[in-house]
file target.csv (CSV, C-alpha atoms)
chain,number,residue,atom,x,y,z
A,87,MET,CA,111.7,87.1,85.8
A,88,LEU,CA,114.6,88.9,87.4
A,89,GLN,CA,116.1,85.5,88.1
A,90,LEU,CA,117.1,85.4,84.4
A,91,PRO,CA,120.3,87.0,83.1
A,92,HIS,CA,119.9,90.5,81.5
A,93,PHE,CA,116.3,90.9,82.7
A,94,ASP,CA,115.4,94.2,84.2
A,95,GLU,CA,112.1,96.1,84.5
A,96,GLU,CA,112.3,97.4,80.9
A,97,VAL,CA,112.8,93.9,79.5
A,98,ILE,CA,110.0,92.5,81.6
A,99,LYS,CA,107.7,95.3,80.3
A,100,LYS,CA,108.7,94.6,76.7
A,101,TYR,CA,107.9,90.9,77.3
A,102,ARG,CA,104.5,91.5,78.9
A,103,LYS,CA,103.4,93.9,76.1
A,104,GLN,CA,103.8,91.0,73.6
A,105,LEU,CA,101.8,88.3,75.6
A,106,LYS,CA,98.5,88.8,73.9
A,107,ASP,CA,99.9,89.2,70.3
A,108,LEU,CA,102.0,86.0,70.6
A,109,GLN,CA,99.2,84.1,72.5
A,110,ILE,CA,101.3,83.5,75.6
A,111,PRO,CA,98.9,82.8,78.5
A,112,ASN,CA,100.7,84.8,81.2
A,113,GLY,CA,103.9,86.7,82.2
A,114,LYS,CA,105.2,84.1,84.7
A,115,ILE,CA,108.7,82.9,84.6
A,116,GLU,CA,107.7,79.2,84.3
A,117,THR,CA,105.6,80.1,81.2
A,118,PHE,CA,108.5,82.0,79.7
A,119,CYS,CA,110.9,79.0,80.3
A,120,ARG,CA,108.4,76.6,78.8
A,121,LEU,CA,108.3,78.5,75.5
A,122,SER,CA,110.3,77.1,72.7
A,123,PRO,CA,113.6,78.7,72.0
A,124,GLU,CA,112.2,79.9,68.7
A,125,LYS,CA,109.2,81.6,70.4
A,126,ARG,CA,111.6,83.2,72.9
A,127,LYS,CA,113.7,84.5,70.0
A,128,GLN,CA,110.6,85.8,68.4
A,129,LEU,CA,110.0,88.1,71.4
A,130,ASN,CA,113.1,90.1,70.3
A,131,LEU,CA,113.8,91.2,73.9
A,132,PHE,CA,117.5,92.2,73.4
A,133,ASP,CA,119.5,94.0,70.7
A,134,ASP,CA,122.6,91.9,71.4
A,135,PRO,CA,122.1,88.2,70.4
A,136,SER,CA,124.6,87.1,73.0
A,137,LYS,CA,122.3,88.2,75.7
A,138,MET,CA,119.6,85.9,74.5
A,139,ALA,CA,122.1,83.1,74.3
A,140,ASP,CA,122.9,83.7,78.0
A,141,VAL,CA,119.1,83.5,78.7
A,142,GLU,CA,118.8,80.2,76.8
A,143,ARG,CA,121.7,78.7,78.8
A,144,ALA,CA,120.0,79.9,82.1
A,145,VAL,CA,116.6,78.5,81.0
A,146,ARG,CA,118.1,75.0,80.6
A,147,GLY,CA,119.0,75.1,84.3
A,148,MET,CA,115.6,76.3,85.6
A,149,PRO,CA,113.7,73.8,87.7
A,150,LEU,CA,110.8,73.1,85.4
A,151,ILE,CA,109.2,69.9,86.7
A,152,SER,CA,106.3,67.6,86.0
A,153,TYR,CA,104.9,65.4,88.8
A,154,ASP,CA,103.1,62.2,89.2
A,155,TRP,CA,101.7,60.4,92.3
A,156,SER,CA,100.2,57.1,93.2
A,157,VAL,CA,98.5,55.6,96.3
A,158,GLU,CA,98.3,51.8,96.4
A,159,THR,CA,98.3,48.8,98.7
A,160,GLU,CA,100.9,46.2,97.9
A,161,GLY,CA,99.4,43.0,96.5
A,162,GLU,CA,95.8,44.2,97.0
A,163,LYS,CA,93.1,45.3,94.5
A,164,MET,CA,91.0,47.0,97.2
A,165,MET,CA,92.1,49.3,99.9
A,166,THR,CA,90.9,48.7,103.5
A,167,SER,CA,91.4,50.7,106.7
A,168,GLN,CA,93.8,48.0,108.0
A,169,ASP,CA,96.1,48.0,104.9
A,170,VAL,CA,99.5,49.6,104.7
A,171,ILE,CA,99.2,52.2,102.1
A,172,THR,CA,102.1,53.3,99.9
A,173,PHE,CA,102.3,56.9,98.7
A,174,LYS,CA,104.7,57.6,95.8
A,175,ILE,CA,105.3,61.2,94.6
A,176,THR,CA,107.7,61.5,91.7
A,177,ILE,CA,109.0,64.7,90.0
A,178,THR,CA,110.8,64.8,86.7
A,179,TYR,CA,113.0,67.7,85.6
A,180,ASP,CA,111.5,68.4,82.2
A,181,LEU,CA,114.5,70.2,80.6
A,182,LEU,CA,117.1,67.7,81.6
A,183,GLN,CA,118.2,64.8,79.5
A,184,PRO,CA,117.7,61.3,81.0
A,185,ASP,CA,121.4,61.1,82.1
A,186,GLU,CA,121.4,64.5,83.7
A,187,GLU,CA,120.5,65.6,87.2
A,188,PRO,CA,119.8,69.0,88.7
A,189,GLY,CA,123.0,71.1,89.2
A,190,TYR,CA,124.0,74.2,91.1
A,191,VAL,CA,121.9,77.3,91.3
A,192,HIS,CA,122.8,79.7,88.6
A,193,SER,CA,121.7,83.3,89.2
A,194,LEU,CA,123.4,86.6,89.5
A,195,ARG,CA,121.1,87.4,92.4
A,196,TYR,CA,121.6,84.2,94.4
A,197,PRO,CA,124.5,84.7,96.8
A,198,LEU,CA,125.5,81.1,97.6
A,199,LEU,CA,126.9,78.1,95.8
A,200,LYS,CA,124.4,75.3,96.3
A,201,LYS,CA,122.6,72.5,94.6
A,202,HIS,CA,118.9,73.1,93.8
A,203,ARG,CA,116.3,70.9,95.5
A,204,PHE,CA,112.6,70.6,95.7
A,205,TRP,CA,111.0,70.1,99.1
A,206,MET,CA,107.7,68.3,99.5
A,207,VAL,CA,105.2,69.1,102.1
A,208,LEU,CA,102.3,66.7,102.5
A,209,ALA,CA,99.4,68.2,104.5
A,210,GLU,CA,96.0,67.1,105.6
A,211,GLY,CA,93.8,68.1,102.6
A,212,ARG,CA,90.8,69.7,104.3
A,213,SER,CA,92.4,72.4,106.4
A,214,LYS,CA,96.0,72.2,104.9
A,215,GLU,CA,97.2,73.1,108.4
A,216,LYS,CA,98.2,69.6,109.7
A,217,ILE,CA,101.5,68.8,108.2
A,218,ILE,CA,102.1,65.0,107.7
A,219,VAL,CA,105.5,65.0,106.0
A,220,VAL,CA,108.2,67.5,105.1
A,221,ASP,CA,111.1,66.1,103.1
A,222,GLU,CA,113.4,67.0,100.2
A,223,LEU,CA,113.2,65.2,96.9
A,224,LEU,CA,116.6,64.0,95.9
A,225,PRO,CA,117.6,62.4,92.6
A,226,GLU,CA,118.7,58.8,93.0
A,227,ARG,CA,122.5,58.5,92.8
A,228,ASP,CA,123.0,54.8,93.5
A,229,PRO,CA,124.2,53.3,90.2
A,230,VAL,CA,122.7,49.9,91.0
A,231,LYS,CA,119.2,51.4,91.7
A,232,LEU,CA,119.5,53.6,88.6
A,233,LYS,CA,119.9,50.5,86.4
A,234,LYS,CA,117.2,48.4,88.1
A,235,ASP,CA,114.5,50.7,89.4
A,236,LYS,CA,115.1,54.1,88.0
A,237,PRO,CA,116.4,54.7,84.5
A,238,ASN,CA,116.6,58.5,84.9
A,239,PRO,CA,118.7,60.4,87.5
A,240,ASN,CA,116.6,63.5,86.5
A,241,THR,CA,113.7,62.2,88.6
A,242,ALA,CA,113.2,62.1,92.3
A,243,THR,CA,110.7,59.9,94.1
A,244,TYR,CA,109.4,60.1,97.7
A,245,GLU,CA,107.8,57.0,99.1
A,246,ILE,CA,106.0,56.6,102.4
A,247,LYS,CA,104.2,53.6,103.8
A,248,GLN,CA,101.5,54.2,106.4
A,249,ARG,CA,98.5,52.5,107.9
A,250,PHE,CA,95.6,54.9,108.3
A,251,GLY,CA,93.0,52.9,110.2
A,252,GLN,CA,90.3,55.2,108.7
A,253,VAL,CA,87.3,54.4,106.6
A,254,GLY,CA,86.2,56.6,103.7
A,255,GLU,CA,87.7,59.1,101.4
A,256,VAL,CA,91.1,60.6,102.4
A,257,LYS,CA,92.5,63.8,101.0
A,258,PHE,CA,95.9,65.3,101.2
A,259,THR,CA,97.4,68.4,99.6
A,260,CYS,CA,101.0,68.1,98.3
A,261,PHE,CA,103.2,71.2,98.0
A,262,LEU,CA,106.4,71.0,95.9
A,263,MET,CA,108.6,74.0,96.7
A,264,SER,CA,111.9,75.0,95.1
A,265,ASP,CA,114.5,76.0,97.6
A,266,SER,CA,116.3,78.3,95.2
A,267,PHE,CA,114.0,79.7,92.6
A,268,VAL,CA,110.7,81.7,92.8
A,269,GLY,CA,107.8,80.9,90.5
A,270,PHE,CA,108.2,77.1,90.0
A,271,ASP,CA,106.3,75.7,93.0
A,272,LYS,CA,103.4,73.2,92.5
A,273,GLU,CA,100.4,72.3,94.6
A,274,PHE,CA,98.0,69.4,94.0
A,275,ASP,CA,95.5,67.2,95.8
A,276,ILE,CA,95.9,63.5,96.5
A,277,GLU,CA,92.6,61.7,97.1
A,278,PHE,CA,91.9,58.0,97.6

call {"tool": "encode", "arguments": {"input": "target.csv", "output": "structure tokens"}}
result
Amino acid sequence: MLQLPHFDEEVIKKYRKQLKDLQIPNGKIETFCRLSPEKRKQLNLFDDPSKMADVERAVRGMPLISYDWSVETEGEKMMTSQDVITFKITITYDLLQPDEEPGYVHSLRYPLLKKHRFWMVLAEGRSKEKIIVVDELLPERDPVKLKKDKPNPNTATYEIKQRFGQVGEVKFTCFLMSDSFVGFDKEFDIEF
């Protein structure tokens, strides 16, 4: 919560005291950022309305994402151990408009000027210790691809093609990690 402007320990305590009364499930920063502006205003965290306006501007830049994934074999209905399997993992920045992309990190406590990114770690699902892939998810910037394949620059897709040569159920764990903000990471399983 300290990543937001004007937030200190007293403001955080004031926020957490209202969670039950306002039916807010938890005190996490992502939950706060997903509240409607009206609900955040209802919290009445600041005496000065300009402070809440600063918070609203900062919330618009927070890395709230949703994700989707697919595993398929091109041109095949059934997957076999000899097929080349295509993994696609896509993230969408939920607060950005379709023509916007993630910008620079905005925080009083972040010391560098840099663009925000999500990193993806794909690990073997049983132990989560064997790392398969580590890569950053970057929004598409090629205007030709944006028009044909990808209507929104506020999405980023990672695609990998691999032959596994293994029969049976396969499980991976995917970690999506923000390189600039705390409290917005995701973890999910991919099974096929």

call {"tool": "closest_residue", "arguments": {"input": "target.csv", "among": "A:Ile115, A:Leu131, A:Ile171, A:Met164", "to": "Phe267 in chain A", "atoms": "all atoms listed in the file"}}
result
A:Ile115

call {"tool": "closest_residue", "arguments": {"input": "target.csv", "among": "A:Ile218, A:Ile151, A:Met206, A:Ile175", "to": "Phe261 in chain A", "atoms": "all atoms listed in the file"}}
result
A:Met206

call {"tool": "residues_around", "arguments": {"input": "target.csv", "residues": "Ser266 in chain A", "least_positions_apart": "3", "cutoff": "12 Å", "atoms": "all atoms listed in the file", "output": "compact mmCIF listing (two decimals) with C-alpha atoms, in the coordinates of the input"}}
result
# COMPACT_ATOMS: atom_id res chain seq x y z
CA GLN A 89 116.10 85.50 88.10
CA GLY A 147 119.00 75.10 84.30
CA MET A 148 115.60 76.30 85.60
CA PRO A 149 113.70 73.80 87.70
CA PRO A 188 119.80 69.00 88.70
CA GLY A 189 123.00 71.10 89.20
CA TYR A 190 124.00 74.20 91.10
CA VAL A 191 121.90 77.30 91.30
CA HIS A 192 122.80 79.70 88.60
CA SER A 193 121.70 83.30 89.20
CA ARG A 195 121.10 87.40 92.40
CA TYR A 196 121.60 84.20 94.40
CA PRO A 197 124.50 84.70 96.80
CA LEU A 198 125.50 81.10 97.60
CA LEU A 199 126.90 78.10 95.80
CA LYS A 200 124.40 75.30 96.30
CA LYS A 201 122.60 72.50 94.60
CA HIS A 202 118.90 73.10 93.80
CA ARG A 203 116.30 70.90 95.50
CA PHE A 204 112.60 70.60 95.70
CA TRP A 205 111.00 70.10 99.10
CA MET A 263 108.60 74.00 96.70
CA GLY A 269 107.80 80.90 90.50
CA PHE A 270 108.20 77.10 90.00
CA ASP A 271 106.30 75.70 93.00

call {"tool": "atom_distance", "arguments": {"input": "target.csv", "atom1": "CA of Ser122 in chain A", "atom2": "CA of Cys260 in chain A"}}
result
28.7 Å

call {"tool": "residues_near_point", "arguments": {"input": "target.csv", "point": "(108.2, 67.7, 109.0)", "cutoff": "12 Å", "atoms": "all atoms listed in the file", "output": "number ranges by chain"}}
result
A: 205-209, 216-222

call {"tool": "closest_residue", "arguments": {"input": "target.csv", "among": "A:Thr172, A:Thr117, A:Thr178, A:Thr259", "to": "Ser152 in chain A", "atoms": "all atoms listed in the file"}}
result
A:Thr178

call {"tool": "residues_near_point", "arguments": {"input": "target.csv", "point": "(88.9, 64.6, 98.6)", "cutoff": "8 Å", "atoms": "all atoms listed in the file", "output": "list of chain:residue names"}}
result
A:Gly211, A:Arg212, A:Glu255, A:Val256, A:Lys257, A:Phe258, A:Asp275, A:Ile276, A:Glu277, A:Phe278

call {"tool": "closest_residue", "arguments": {"input": "target.csv", "among": "A:Ala144, A:Thr241, A:Glu215, A:Gln168", "to": "Glu186 in chain A", "atoms": "only C-alpha atoms"}}
result
A:Thr241

call {"tool": "closest_residue", "arguments": {"input": "target.csv", "among": "A:Phe93, A:Phe118, A:Tyr179, A:Phe173", "to": "Asn240 in chain A", "atoms": "all atoms listed in the file"}}
result
A:Tyr179

call {"tool": "closest_residue", "arguments": {"input": "target.csv", "among": "A:Asp265, A:Glu124, A:Asp94, A:Asp180", "to": "Tyr153 in chain A", "atoms": "only C-alpha atoms"}}
result
A:Asp180

call {"tool": "residues_around", "arguments": {"input": "target.csv", "residues": "Lys100 in chain A", "least_positions_apart": "4", "cutoff": "10 Å", "atoms": "all atoms listed in the file", "output": "PyMOL selection string"}}
result
chain A and resi 95-96+104-105+129-132

call {"tool": "write_last_selection", "arguments": {"input": "target.csv", "atoms": "C-alpha atoms", "output": "mmCIF file, in the frame of the given file"}}
result
data_model
loop_
_atom_site.group_PDB
_atom_site.id
_atom_site.type_symbol
_atom_site.label_atom_id
_atom_site.label_comp_id
_atom_site.auth_asym_id
_atom_site.auth_seq_id
_atom_site.Cartn_x
_atom_site.Cartn_y
_atom_site.Cartn_z
ATOM 1 C CA GLU A 95 112.100 96.100 84.500
ATOM 2 C CA GLU A 96 112.300 97.400 80.900
ATOM 3 C CA GLN A 104 103.800 91.000 73.600
ATOM 4 C CA LEU A 105 101.800 88.300 75.600
ATOM 5 C CA LEU A 129 110.000 88.100 71.400
ATOM 6 C CA ASN A 130 113.100 90.100 70.300
ATOM 7 C CA LEU A 131 113.800 91.200 73.900
ATOM 8 C CA PHE A 132 117.500 92.200 73.400
#

call {"tool": "residues_around", "arguments": {"input": "target.csv", "residues": "Lys174 in chain A", "least_positions_apart": "3", "cutoff": "9 Å", "atoms": "only C-alpha atoms", "output": "list in words"}}
result
Asp154, Trp155, Ser156, Val157, Glu158, Thr243, Tyr244, Glu245, Ile246 and Lys247 of chain A

call {"tool": "residues_around", "arguments": {"input": "target.csv", "residues": "range 135-143 of chain A", "least_positions_apart": "5", "cutoff": "9 Å", "atoms": "all atoms listed in the file", "output": "count of residues only"}}
result
9

call {"tool": "atom_distance", "arguments": {"input": "target.csv", "atom1": "CA of Val170 in chain A", "atom2": "CA of Pro225 in chain A"}}
result
25.3 Å

call {"tool": "atom_distance", "arguments": {"input": "target.csv", "atom1": "CA of Val268 in chain A", "atom2": "CA of Lys106 in chain A"}}
result
23.6 Å

call {"tool": "build_atoms", "arguments": {"input": "target.csv", "residues": "range 92-118 of chain A", "atoms": "N, CA and C atoms", "output": "mmCIF file, in the coordinates of the input"}}
result
data_model
loop_
_atom_site.group_PDB
_atom_site.id
_atom_site.type_symbol
_atom_site.label_atom_id
_atom_site.label_comp_id
_atom_site.auth_asym_id
_atom_site.auth_seq_id
_atom_site.Cartn_x
_atom_site.Cartn_y
_atom_site.Cartn_z
ATOM 1 N N HIS A 92 120.226 89.321 82.362
ATOM 2 C CA HIS A 92 119.900 90.500 81.500
ATOM 3 C C HIS A 92 118.486 90.984 81.633
ATOM 4 N N PHE A 93 117.681 90.387 82.501
ATOM 5 C CA PHE A 93 116.300 90.900 82.700
ATOM 6 C C PHE A 93 116.286 91.979 83.696
ATOM 7 N N ASP A 94 115.624 93.067 83.324
ATOM 8 C CA ASP A 94 115.400 94.200 84.200
ATOM 9 C C ASP A 94 113.932 94.614 84.008
ATOM 10 N N GLU A 95 113.526 95.670 84.651
ATOM 11 C CA GLU A 95 112.100 96.100 84.500
ATOM 12 C C GLU A 95 111.734 96.434 83.104
ATOM 13 N N GLU A 96 112.623 97.036 82.335
ATOM 14 C CA GLU A 96 112.300 97.400 80.900
ATOM 15 C C GLU A 96 112.109 96.156 80.078
ATOM 16 N N VAL A 97 112.961 95.150 80.248
ATOM 17 C CA VAL A 97 112.800 93.900 79.500
ATOM 18 C C VAL A 97 111.540 93.191 79.839
ATOM 19 N N ILE A 98 111.214 93.189 81.118
ATOM 20 C CA ILE A 98 110.000 92.500 81.600
ATOM 21 C C ILE A 98 108.753 93.242 80.966
ATOM 22 N N LYS A 99 108.764 94.574 80.931
ATOM 23 C CA LYS A 99 107.700 95.300 80.300
ATOM 24 C C LYS A 99 107.534 94.989 78.831
ATOM 25 N N LYS A 100 108.677 94.921 78.157
ATOM 26 C CA LYS A 100 108.700 94.600 76.700
ATOM 27 C C LYS A 100 108.099 93.206 76.495
ATOM 28 N N TYR A 101 108.437 92.267 77.373
ATOM 29 C CA TYR A 101 107.900 90.900 77.300
ATOM 30 C C TYR A 101 106.394 90.891 77.506
ATOM 31 N N ARG A 102 105.946 91.552 78.542
ATOM 32 C CA ARG A 102 104.500 91.500 78.900
ATOM 33 C C ARG A 102 103.634 92.208 77.841
ATOM 34 N N LYS A 103 104.177 93.190 77.136
ATOM 35 C CA LYS A 103 103.400 93.900 76.100
ATOM 36 C C LYS A 103 103.104 92.918 74.916
ATOM 37 N N GLN A 104 103.908 91.865 74.768
ATOM 38 C CA GLN A 104 103.800 91.000 73.600
ATOM 39 C C GLN A 104 102.917 89.713 73.946
ATOM 40 N N LEU A 105 102.502 89.549 75.187
ATOM 41 C CA LEU A 105 101.800 88.300 75.600
ATOM 42 C C LEU A 105 100.577 88.043 74.743
ATOM 43 N N LYS A 106 99.721 89.029 74.594
ATOM 44 C CA LYS A 106 98.500 88.800 73.900
ATOM 45 C C LYS A 106 98.724 88.548 72.386
ATOM 46 N N ASP A 107 99.597 89.356 71.780
ATOM 47 C CA ASP A 107 99.900 89.200 70.300
ATOM 48 C C ASP A 107 100.462 87.832 70.017
ATOM 49 N N LEU A 108 101.313 87.318 70.887
ATOM 50 C CA LEU A 108 102.000 86.000 70.600
ATOM 51 C C LEU A 108 101.251 84.860 71.301
ATOM 52 N N GLN A 109 100.056 85.130 71.848
ATOM 53 C CA GLN A 109 99.200 84.100 72.500
ATOM 54 C C GLN A 109 99.964 83.352 73.588
ATOM 55 N N ILE A 110 100.649 84.110 74.427
ATOM 56 C CA ILE A 110 101.300 83.500 75.600
ATOM 57 C C ILE A 110 100.368 83.770 76.774
ATOM 58 N N PRO A 111 99.991 82.701 77.514
ATOM 59 C CA PRO A 111 98.900 82.800 78.500
ATOM 60 C C PRO A 111 99.165 83.751 79.670
ATOM 61 N N ASN A 112 100.418 83.929 80.082
ATOM 62 C CA ASN A 112 100.700 84.800 81.200
ATOM 63 C C ASN A 112 102.159 85.226 81.220
ATOM 64 N N GLY A 113 102.513 86.133 82.110
ATOM 65 C CA GLY A 113 103.900 86.700 82.200
ATOM 66 C C GLY A 113 104.748 85.983 83.214
ATOM 67 N N LYS A 114 104.382 84.790 83.659
ATOM 68 C CA LYS A 114 105.200 84.100 84.700
ATOM 69 C C LYS A 114 106.450 83.535 84.143
ATOM 70 N N ILE A 115 107.429 83.400 85.029
ATOM 71 C CA ILE A 115 108.700 82.900 84.600
ATOM 72 C C ILE A 115 108.632 81.448 84.110
ATOM 73 N N GLU A 116 107.804 80.629 84.756
ATOM 74 C CA GLU A 116 107.700 79.200 84.300
ATOM 75 C C GLU A 116 107.127 79.194 82.872
ATOM 76 N N THR A 117 106.149 80.028 82.567
ATOM 77 C CA THR A 117 105.600 80.100 81.200
ATOM 78 C C THR A 117 106.654 80.488 80.217
ATOM 79 N N PHE A 118 107.431 81.508 80.557
ATOM 80 C CA PHE A 118 108.500 82.000 79.700
ATOM 81 C C PHE A 118 109.500 80.821 79.421
#
